[in-house]
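*Asks:* Dropping in work-v9.json, which is JSON, N, CA and C atoms:
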```
[["chain", "number", "residue", "atom", "x", "y", "z"],
["E", 20, "MET", "N", 0.82, -1.20, 0.00],
["E", 20, "MET", "CA", 0.00, 0.00, 0.00],
["E", 20, "MET", "C", 0.86, 1.25, 0.00],
["E", 21, "ASN", "N", 1.92, 1.23, 0.77],
["E", 21, "ASN", "CA", 2.82, 2.35, 0.81],
["E", 21, "ASN", "C", 3.48, 2.59, -0.54],
["E", 22, "LYS", "N", 3.78, 1.48, -1.22],
["E", 22, "LYS", "CA", 4.41, 1.57, -2.53],
["E", 22, "LYS", "C", 3.48, 2.27, -3.53],
["E", 23, "GLU", "N", 2.18, 2.00, -3.45],
["E", 23, "GLU", "CA", 1.21, 2.65, -4.35],
["E", 23, "GLU", "C", 1.19, 4.15, -4.11],
["E", 24, "ASN", "N", 1.26, 4.55, -2.85],
["E", 24, "ASN", "CA", 1.27, 5.98, -2.55],
["E", 24, "ASN", "C", 2.51, 6.66, -3.11],
["E", 25, "ASN", "N", 3.65, 5.97, -3.05],
["E", 25, "ASN", "CA", 4.87, 6.55, -3.61],
["E", 25, "ASN", "C", 4.76, 6.71, -5.12],
["E", 26, "VAL", "N", 4.16, 5.75, -5.77],
["E", 26, "VAL", "CA", 3.98, 5.84, -7.22],
["E", 26, "VAL", "C", 3.08, 7.03, -7.54],
["E", 27, "THR", "N", 2.02, 7.19, -6.78],
["E", 27, "THR", "CA", 1.11, 8.30, -7.01],
["E", 27, "THR", "C", 1.83, 9.63, -6.78],
["E", 28, "ASN", "N", 2.58, 9.71, -5.70],
["E", 28, "ASN", "CA", 3.33, 10.95, -5.43],
["E", 28, "ASN", "C", 4.36, 11.21, -6.52],
["E", 29, "ASP", "N", 5.01, 10.16, -6.99],
["E", 29, "ASP", "CA", 5.98, 10.32, -8.08],
["E", 29, "ASP", "C", 5.30, 10.84, -9.34],
["E", 30, "ASN", "N", 4.10, 10.32, -9.62],
["E", 30, "ASN", "CA", 3.36, 10.78, -10.80],
["E", 30, "ASN", "C", 3.00, 12.26, -10.68],
["E", 31, "VAL", "N", 2.61, 12.66, -9.49],
["E", 31, "VAL", "CA", 2.27, 14.07, -9.27],
["E", 31, "VAL", "C", 3.49, 14.94, -9.47],
["E", 32, "GLN", "N", 4.62, 14.52, -8.90],
["E", 32, "GLN", "CA", 5.85, 15.28, -9.06],
["E", 32, "GLN", "C", 6.27, 15.35, -10.52],
["E", 33, "LYS", "N", 6.11, 14.24, -11.23],
["E", 33, "LYS", "CA", 6.47, 14.21, -12.64],
["E", 33, "LYS", "C", 5.61, 15.20, -13.43],
["E", 34, "GLU", "N", 4.30, 15.23, -13.13],
["E", 34, "GLU", "CA", 3.43, 16.18, -13.81],
["E", 34, "GLU", "C", 3.85, 17.61, -13.54],
["E", 35, "LYS", "N", 4.21, 17.91, -12.29],
["E", 35, "LYS", "CA", 4.66, 19.26, -11.97],
["E", 35, "LYS", "C", 5.91, 19.61, -12.76],
["E", 36, "ASN", "N", 6.83, 18.68, -12.86],
["E", 36, "ASN", "CA", 8.05, 18.93, -13.62],
["E", 36, "ASN", "C", 7.75, 19.13, -15.10],
["E", 37, "GLU", "N", 6.84, 18.35, -15.66],
["E", 37, "GLU", "CA", 6.47, 18.50, -17.07],
["E", 37, "GLU", "C", 5.81, 19.85, -17.31],
["E", 38, "ASN", "N", 4.95, 20.27, -16.38],
["E", 38, "ASN", "CA", 4.31, 21.58, -16.53],
["E", 38, "ASN", "C", 5.34, 22.69, -16.48],
["E", 39, "TYR", "N", 6.32, 22.55, -15.61],
["E", 39, "TYR", "CA", 7.37, 23.56, -15.52],
["E", 39, "TYR", "C", 8.13, 23.64, -16.84],
["E", 40, "LYS", "N", 8.48, 22.49, -17.40],
["E", 40, "LYS", "CA", 9.19, 22.47, -18.68],
["E", 40, "LYS", "C", 8.33, 23.08, -19.77],
["E", 41, "TYR", "N", 7.03, 22.81, -19.73],
["E", 41, "TYR", "CA", 6.11, 23.31, -20.74],
["E", 41, "TYR", "C", 6.08, 24.84, -20.69],
["E", 42, "GLU", "N", 5.99, 25.40, -19.47],
["E", 42, "GLU", "CA", 5.98, 26.85, -19.34],
["E", 42, "GLU", "C", 7.32, 27.44, -19.80],
["E", 43, "TYR", "N", 8.38, 26.76, -19.50],
["E", 43, "TYR", "CA", 9.71, 27.21, -19.92],
["E", 43, "TYR", "C", 9.80, 27.22, -21.44],
["E", 44, "ASP", "N", 9.22, 26.22, -22.08],
["E", 44, "ASP", "CA", 9.23, 26.19, -23.55],
["E", 44, "ASP", "C", 8.49, 27.39, -24.12],
["E", 45, "PHE", "N", 7.39, 27.79, -23.49],
["E", 45, "PHE", "CA", 6.66, 28.96, -23.96],
["E", 45, "PHE", "C", 7.52, 30.21, -23.82],
["E", 46, "GLU", "N", 8.27, 30.31, -22.74],
["E", 46, "GLU", "CA", 9.15, 31.46, -22.58],
["E", 46, "GLU", "C", 10.17, 31.50, -23.71],
["E", 47, "TYR", "N", 10.69, 30.34, -24.07],
["E", 47, "TYR", "CA", 11.64, 30.28, -25.19],
["E", 47, "TYR", "C", 10.96, 30.66, -26.50],
["E", 48, "VAL", "N", 9.78, 30.11, -26.74],
["E", 48, "VAL", "CA", 9.08, 30.38, -27.99],
["E", 48, "VAL", "C", 8.80, 31.87, -28.13],
["E", 49, "PHE", "N", 8.41, 32.53, -27.04],
["E", 49, "PHE", "CA", 8.09, 33.95, -27.12],
["E", 49, "PHE", "C", 9.33, 34.82, -27.27],
["E", 50, "SER", "N", 10.50, 34.23, -27.17],
["E", 50, "SER", "CA", 11.72, 34.99, -27.41],
["E", 50, "SER", "C", 12.13, 34.93, -28.87],
["E", 51, "THR", "N", 11.44, 34.10, -29.67],
["E", 51, "THR", "CA", 11.74, 34.00, -31.09],
["E", 51, "THR", "C", 10.85, 34.94, -31.89],
["E", 52, "ARG", "N", 11.24, 35.20, -33.12],
["E", 52, "ARG", "CA", 10.45, 36.08, -33.99],
["E", 52, "ARG", "C", 9.05, 35.51, -34.23],
["E", 53, "GLU", "N", 8.98, 34.21, -34.49],
["E", 53, "GLU", "CA", 7.68, 33.57, -34.73],
["E", 53, "GLU", "C", 6.81, 33.62, -33.48],
["E", 54, "GLY", "N", 7.42, 33.42, -32.33],
["E", 54, "GLY", "CA", 6.68, 33.47, -31.07],
["E", 54, "GLY", "C", 6.11, 34.84, -30.79],
["E", 55, "LEU", "N", 6.91, 35.87, -31.05],
["E", 55, "LEU", "CA", 6.43, 37.23, -30.84],
["E", 55, "LEU", "C", 5.30, 37.57, -31.81],
["E", 56, "LEU", "N", 5.43, 37.11, -33.05],
["E", 56, "LEU", "CA", 4.36, 37.31, -34.03],
["E", 56, "LEU", "C", 3.09, 36.62, -33.57],
["E", 57, "ALA", "N", 3.21, 35.37, -33.14],
["E", 57, "ALA", "CA", 2.06, 34.62, -32.67],
["E", 57, "ALA", "C", 1.39, 35.31, -31.49],
["E", 58, "LYS", "N", 2.18, 35.81, -30.57],
["E", 58, "LYS", "CA", 1.64, 36.49, -29.39],
["E", 58, "LYS", "C", 0.90, 37.76, -29.79],
["E", 59, "GLU", "N", 1.48, 38.53, -30.70],
["E", 59, "GLU", "CA", 0.82, 39.76, -31.16],
["E", 59, "GLU", "C", -0.50, 39.47, -31.85],
["E", 60, "LEU", "N", -0.50, 38.46, -32.71],
["E", 60, "LEU", "CA", -1.73, 38.09, -33.42],
["E", 60, "LEU", "C", -2.81, 37.63, -32.44],
["E", 61, "ALA", "N", -2.44, 36.75, -31.52],
["E", 61, "ALA", "CA", -3.41, 36.21, -30.57],
["E", 61, "ALA", "C", -3.98, 37.31, -29.68],
["E", 62, "GLU", "N", -3.12, 38.19, -29.20],
["E", 62, "GLU", "CA", -3.61, 39.28, -28.35],
["E", 62, "GLU", "C", -4.47, 40.25, -29.15],
["E", 63, "GLY", "N", -4.06, 40.56, -30.37],
["E", 63, "GLY", "CA", -4.83, 41.48, -31.21],
["E", 63, "GLY", "C", -6.21, 40.95, -31.56],
["E", 64, "LEU", "N", -6.30, 39.63, -31.71],
["E", 64, "LEU", "CA", -7.58, 38.99, -32.04],
["E", 64, "LEU", "C", -8.34, 38.56, -30.79],
["E", 65, "ASN", "N", -7.79, 38.86, -29.63],
["E", 65, "ASN", "CA", -8.40, 38.49, -28.35],
["E", 65, "ASN", "C", -8.65, 36.99, -28.28],
["E", 66, "ASP", "N", -7.62, 36.22, -28.64],
["E", 66, "ASP", "CA", -7.74, 34.77, -28.72],
["E", 66, "ASP", "C", -6.50, 34.09, -28.13],
["E", 67, "THR", "N", -6.07, 34.55, -26.97],
["E", 67, "THR", "CA", -4.83, 34.02, -26.38],
["E", 67, "THR", "C", -4.98, 32.57, -25.91],
["E", 68, "LYS", "N", -6.20, 32.11, -25.74],
["E", 68, "LYS", "CA", -6.38, 30.71, -25.30],
["E", 68, "LYS", "C", -5.94, 29.73, -26.40],
["E", 69, "ASN", "N", -5.89, 30.18, -27.64],
["E", 69, "ASN", "CA", -5.47, 29.33, -28.75],
["E", 69, "ASN", "C", -4.08, 29.70, -29.26],
["E", 70, "ILE", "N", -3.21, 30.09, -28.36],
["E", 70, "ILE", "CA", -1.87, 30.56, -28.74],
["E", 70, "ILE", "C", -1.10, 29.50, -29.52],
["E", 71, "ARG", "N", -1.34, 28.24, -29.24],
["E", 71, "ARG", "CA", -0.62, 27.17, -29.95],
["E", 71, "ARG", "C", -0.91, 27.23, -31.46],
["E", 72, "TYR", "N", -2.13, 27.56, -31.82],
["E", 72, "TYR", "CA", -2.48, 27.68, -33.24],
["E", 72, "TYR", "C", -1.66, 28.80, -33.89],
["E", 73, "TYR", "N", -1.57, 29.94, -33.22],
["E", 73, "TYR", "CA", -0.86, 31.08, -33.78],
["E", 73, "TYR", "C", 0.63, 30.80, -33.91],
["E", 74, "ILE", "N", 1.19, 30.06, -32.95],
["E", 74, "ILE", "CA", 2.59, 29.66, -33.04],
["E", 74, "ILE", "C", 2.80, 28.77, -34.26],
["E", 75, "SER", "N", 1.88, 27.83, -34.44],
["E", 75, "SER", "CA", 1.97, 26.93, -35.58],
["E", 75, "SER", "C", 1.85, 27.70, -36.90],
["E", 76, "ALA", "N", 0.91, 28.61, -36.96],
["E", 76, "ALA", "CA", 0.71, 29.41, -38.17],
["E", 76, "ALA", "C", 1.94, 30.27, -38.46],
["E", 77, "ALA", "N", 2.53, 30.83, -37.42],
["E", 77, "ALA", "CA", 3.71, 31.69, -37.61],
["E", 77, "ALA", "C", 4.90, 30.88, -38.11],
["E", 78, "MET", "N", 4.95, 29.61, -37.76],
["E", 78, "MET", "CA", 6.06, 28.78, -38.21],
["E", 78, "MET", "C", 5.84, 28.27, -39.64],
["E", 79, "LYS", "N", 4.58, 28.17, -40.06],
["E", 79, "LYS", "CA", 4.27, 27.62, -41.39],
["E", 79, "LYS", "C", 4.18, 28.68, -42.48],
["E", 80, "HIS", "N", 3.76, 29.88, -42.12],
["E", 80, "HIS", "CA", 3.45, 30.90, -43.13],
["E", 80, "HIS", "C", 4.36, 32.11, -42.97],
["E", 81, "GLN", "N", 4.47, 32.88, -44.04],
["E", 81, "GLN", "CA", 5.28, 34.10, -44.02],
["E", 81, "GLN", "C", 4.58, 35.17, -43.19],
["E", 82, "GLU", "N", 5.37, 36.02, -42.58],
["E", 82, "GLU", "CA", 4.85, 37.06, -41.71],
["E", 82, "GLU", "C", 3.92, 38.02, -42.46],
["E", 83, "ASP", "N", 4.30, 38.43, -43.66],
["E", 83, "ASP", "CA", 3.46, 39.36, -44.44],
["E", 83, "ASP", "C", 2.10, 38.76, -44.73],
["E", 84, "PHE", "N", 2.08, 37.48, -45.08],
["E", 84, "PHE", "CA", 0.82, 36.79, -45.36],
["E", 84, "PHE", "C", -0.09, 36.83, -44.13],
["E", 85, "LEU", "N", 0.45, 36.55, -42.95],
["E", 85, "LEU", "CA", -0.35, 36.54, -41.72],
["E", 85, "LEU", "C", -0.84, 37.94, -41.36],
["E", 86, "TRP", "N", 0.01, 38.94, -41.54],
["E", 86, "TRP", "CA", -0.43, 40.30, -41.25],
["E", 86, "TRP", "C", -1.51, 40.77, -42.22],
["E", 87, "ASP", "N", -1.44, 40.34, -43.48],
["E", 87, "ASP", "CA", -2.49, 40.67, -44.44],
["E", 87, "ASP", "C", -3.83, 40.07, -44.01],
["E", 88, "ILE", "N", -3.81, 38.83, -43.60],
["E", 88, "ILE", "CA", -5.04, 38.17, -43.13],
["E", 88, "ILE", "C", -5.56, 38.88, -41.87],
["E", 89, "TYR", "N", -4.65, 39.21, -40.97],
["E", 89, "TYR", "CA", -5.02, 39.91, -39.74],
["E", 89, "TYR", "C", -5.72, 41.23, -40.07],
["E", 90, "ALA", "N", -5.15, 41.99, -41.01],
["E", 90, "ALA", "CA", -5.73, 43.28, -41.39],
["E", 90, "ALA", "C", -7.13, 43.10, -41.97],
["E", 91, "ARG", "N", -7.30, 42.07, -42.80],
["E", 91, "ARG", "CA", -8.63, 41.81, -43.37],
["E", 91, "ARG", "C", -9.65, 41.48, -42.28],
["E", 92, "VAL", "N", -9.22, 40.68, -41.31],
["E", 92, "VAL", "CA", -10.13, 40.29, -40.22],
["E", 92, "VAL", "C", -10.50, 41.51, -39.38],
["E", 93, "MET", "N", -9.54, 42.36, -39.09],
["E", 93, "MET", "CA", -9.80, 43.52, -38.23],
["E", 93, "MET", "C", -10.65, 44.59, -38.94],
["E", 94, "GLU", "N", -10.69, 44.57, -40.27],
["E", 94, "GLU", "CA", -11.53, 45.52, -41.01],
["E", 94, "GLU", "C", -13.01, 45.18, -40.89],
["E", 95, "ILE", "N", -13.32, 43.93, -40.64],
["E", 95, "ILE", "CA", -14.71, 43.50, -40.56],
["E", 95, "ILE", "C", -15.30, 43.93, -39.21],
["E", 96, "PRO", "N", -16.45, 44.60, -39.22],
["E", 96, "PRO", "CA", -17.06, 45.01, -37.96],
["E", 96, "PRO", "C", -17.38, 43.78, -37.09],
["E", 97, "LEU", "N", -17.22, 43.93, -35.80],
["E", 97, "LEU", "CA", -17.38, 42.81, -34.88],
["E", 97, "LEU", "C", -18.79, 42.20, -34.95],
["E", 98, "HIS", "N", -19.80, 43.02, -35.20],
["E", 98, "HIS", "CA", -21.17, 42.48, -35.24],
["E", 98, "HIS", "C", -21.41, 41.60, -36.48],
["E", 99, "LYS", "N", -20.52, 41.67, -37.46],
["E", 99, "LYS", "CA", -20.66, 40.82, -38.65],
["E", 99, "LYS", "C", -19.87, 39.52, -38.55],
["E", 100, "VAL", "N", -19.08, 39.37, -37.50],
["E", 100, "VAL", "CA", -18.29, 38.15, -37.29],
["E", 100, "VAL", "C", -19.16, 37.14, -36.58],
["E", 101, "ARG", "N", -19.30, 35.93, -37.15],
["E", 101, "ARG", "CA", -20.19, 34.92, -36.59],
["E", 101, "ARG", "C", -19.69, 34.32, -35.29],
["E", 102, "LYS", "N", -18.51, 33.73, -35.32],
["E", 102, "LYS", "CA", -17.97, 33.05, -34.13],
["E", 102, "LYS", "C", -17.04, 33.98, -33.37],
["E", 103, "SER", "N", -15.89, 34.20, -33.90],
["E", 103, "SER", "CA", -14.92, 35.11, -33.30],
["E", 103, "SER", "C", -13.94, 35.53, -34.38],
["E", 104, "ARG", "N", -13.19, 36.57, -34.08],
["E", 104, "ARG", "CA", -12.19, 37.01, -35.04],
["E", 104, "ARG", "C", -11.08, 35.98, -35.17],
["E", 105, "GLY", "N", -10.78, 35.30, -34.08],
["E", 105, "GLY", "CA", -9.77, 34.25, -34.13],
["E", 105, "GLY", "C", -10.17, 33.12, -35.05],
["E", 106, "ALA", "N", -11.44, 32.72, -34.98],
["E", 106, "ALA", "CA", -11.94, 31.65, -35.84],
["E", 106, "ALA", "C", -11.92, 32.08, -37.30],
["E", 107, "LEU", "N", -12.30, 33.32, -37.55],
["E", 107, "LEU", "CA", -12.27, 33.85, -38.93],
["E", 107, "LEU", "C", -10.84, 33.90, -39.46],
["E", 108, "PHE", "N", -9.91, 34.33, -38.62],
["E", 108, "PHE", "CA", -8.50, 34.36, -39.00],
["E", 108, "PHE", "C", -8.02, 32.97, -39.38],
["E", 109, "ALA", "N", -8.32, 31.99, -38.54],
["E", 109, "ALA", "CA", -7.89, 30.60, -38.81],
["E", 109, "ALA", "C", -8.50, 30.09, -40.11],
["E", 110, "TYR", "N", -9.76, 30.41, -40.35],
["E", 110, "TYR", "CA", -10.42, 29.98, -41.58],
["E", 110, "TYR", "C", -9.72, 30.59, -42.81],
["E", 111, "LEU", "N", -9.45, 31.90, -42.75],
["E", 111, "LEU", "CA", -8.83, 32.56, -43.90],
["E", 111, "LEU", "C", -7.40, 32.08, -44.13],
["E", 112, "VAL", "N", -6.67, 31.81, -43.06],
["E", 112, "VAL", "CA", -5.31, 31.29, -43.22],
["E", 112, "VAL", "C", -5.37, 29.93, -43.89],
["E", 113, "LYS", "N", -6.30, 29.10, -43.45],
["E", 113, "LYS", "CA", -6.42, 27.77, -44.04],
["E", 113, "LYS", "C", -6.84, 27.86, -45.51],
["E", 114, "LYS", "N", -7.80, 28.71, -45.79],
["E", 114, "LYS", "CA", -8.31, 28.86, -47.15],
["E", 114, "LYS", "C", -7.25, 29.41, -48.10],
["E", 115, "HIS", "N", -6.60, 30.49, -47.72],
["E", 115, "HIS", "CA", -5.63, 31.13, -48.61],
["E", 115, "HIS", "C", -4.25, 30.50, -48.53],
["E", 116, "GLY", "N", -3.98, 29.81, -47.46],
["E", 116, "GLY", "CA", -2.71, 29.09, -47.36],
["E", 116, "GLY", "C", -2.62, 27.94, -48.34],
["E", 117, "LYS", "N", -3.78, 27.32, -48.63],
["E", 117, "LYS", "CA", -3.82, 26.24, -49.61],
["E", 117, "LYS", "C", -3.68, 26.79, -51.02],
["E", 118, "ASP", "N", -4.24, 27.99, -51.26],
["E", 118, "ASP", "CA", -4.15, 28.58, -52.58],
["E", 118, "ASP", "C", -2.72, 29.00, -52.91],
["E", 119, "ASN", "N", -1.97, 29.35, -51.89],
["E", 119, "ASN", "CA", -0.60, 29.82, -52.07],
["E", 119, "ASN", "C", 0.35, 28.92, -51.29],
["E", 120, "PRO", "N", 0.75, 27.80, -51.87],
["E", 120, "PRO", "CA", 1.60, 26.87, -51.13],
["E", 120, "PRO", "C", 2.95, 27.45, -50.73],
["E", 121, "GLY", "N", 3.39, 28.53, -51.34],
["E", 121, "GLY", "CA", 4.65, 29.16, -50.98],
["E", 121, "GLY", "C", 4.58, 29.91, -49.66],
["E", 122, "ASN", "N", 3.39, 30.16, -49.15],
["E", 122, "ASN", "CA", 3.24, 30.89, -47.89],
["E", 122, "ASN", "C", 3.52, 30.03, -46.72]]
```
Would you encode the structure as structure tokens?

*Replies:*
Amino acid sequence: MNKENNVTNDNVQKEKNENYKYEYDFEYVFSTREGLLAKELAEGLNDTKNIRYYISAAMKHQEDFLWDIYARVMEIPLHKVRKSRGALFAYLVKKHGKDNPGN
């Protein structure tokens, strides 16, 4: 029984260590150009909960392409956006990213 408790405590400690590493990785990512771009886009679109998507997009697409999509999304009045600006941004990146494989 004591052994089971140690395993459980070890698992908890391991999770804490993994979370610490995960947060540290975010600190590293935000020190890169792509990370800063992702952070700016997510904050501008009020969608920081999906920061992983923006990091991925910043790594896959050119910065100018993403800023063009961002500008298009921000031009649309908020009352005309169905879900959120973040969702619209993701849709447009997916749609136009396929049309332009070089992005």

*Asks:* Measure the distance from atom CA of Lys79 of chain E to atom CA of Ser103 of chain E in Å and round it to one decimal.

*Replies:* 22.1 Å

*Asks:* Using only C-alpha atoms, can you tell me which of E:Glu53, E:Glu59, E:Asp44, E:Asp66 comes closest to Met78 of chain E?

*Replies:*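 Once distances to Met78 of chain E are computed over only C-alpha atoms, the minimum belongs to E:Glu53.
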
*Asks:* Which value, in Å to one decimal, gives the distance between atom CA of Arg52 of chain E and atom CA of Leu85 of chain E?

*Replies:*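 It comes out at 13.3 Å.
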
*Asks:* Using the file's own x, y and z axes, what box holds all listed atoms of segment 83-97 of chain E with 4 Å on each side, keeping edges along x, y and z, and what are its centre and edge lengths in Å to one decimal, as lines of an AutoDock Vina configuration file?

*Replies:*
```
center_x = -7.2
center_y = 41.0
center_z = -40.1
size_x = 31.1
size_y = 17.0
size_z = 18.5
```

*Asks:* Select, from E:Leu55, E:Ala106, E:Val48, E:Ile70, the residue with the minimum atom-to-atom distance to Tyr89 of chain E, counting only C-alpha atoms.

*Replies:*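 The closest residue to Tyr89 of chain E is E:Ala106.
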
*Asks:* Tell me which of E:His80, E:Val100, E:Leu56, E:Ser50 sits closest to Gly116 of chain E, counting only N, CA and C atoms.

*Replies:*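 Answer, going by the shortest atom-to-atom distance: E:His80.
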
*Asks:* Work out how far apart atom CA of Asn65 of chain E and atom C of Lys102 of chain E are and give it in Å to one decimal.

*Replies:* 11.0 Å

*Asks:* With distances taken over only C-alpha atoms, which of E:Lys114, E:Asn69, E:Ala57, E:Leu97 is nearest to Gln81 of chain E?

*Replies:*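 Distance minimum relative to Gln81 of chain E lands on E:Ala57.
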
*Asks:* Have a look at E:Leu111, E:Gly105, E:Gly54, E:Glu94 and name the one nearest to Glu82 of chain E; count only C-alpha atoms.

*Replies:*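 For Glu82 of chain E, the nearest of the candidates is E:Gly54.
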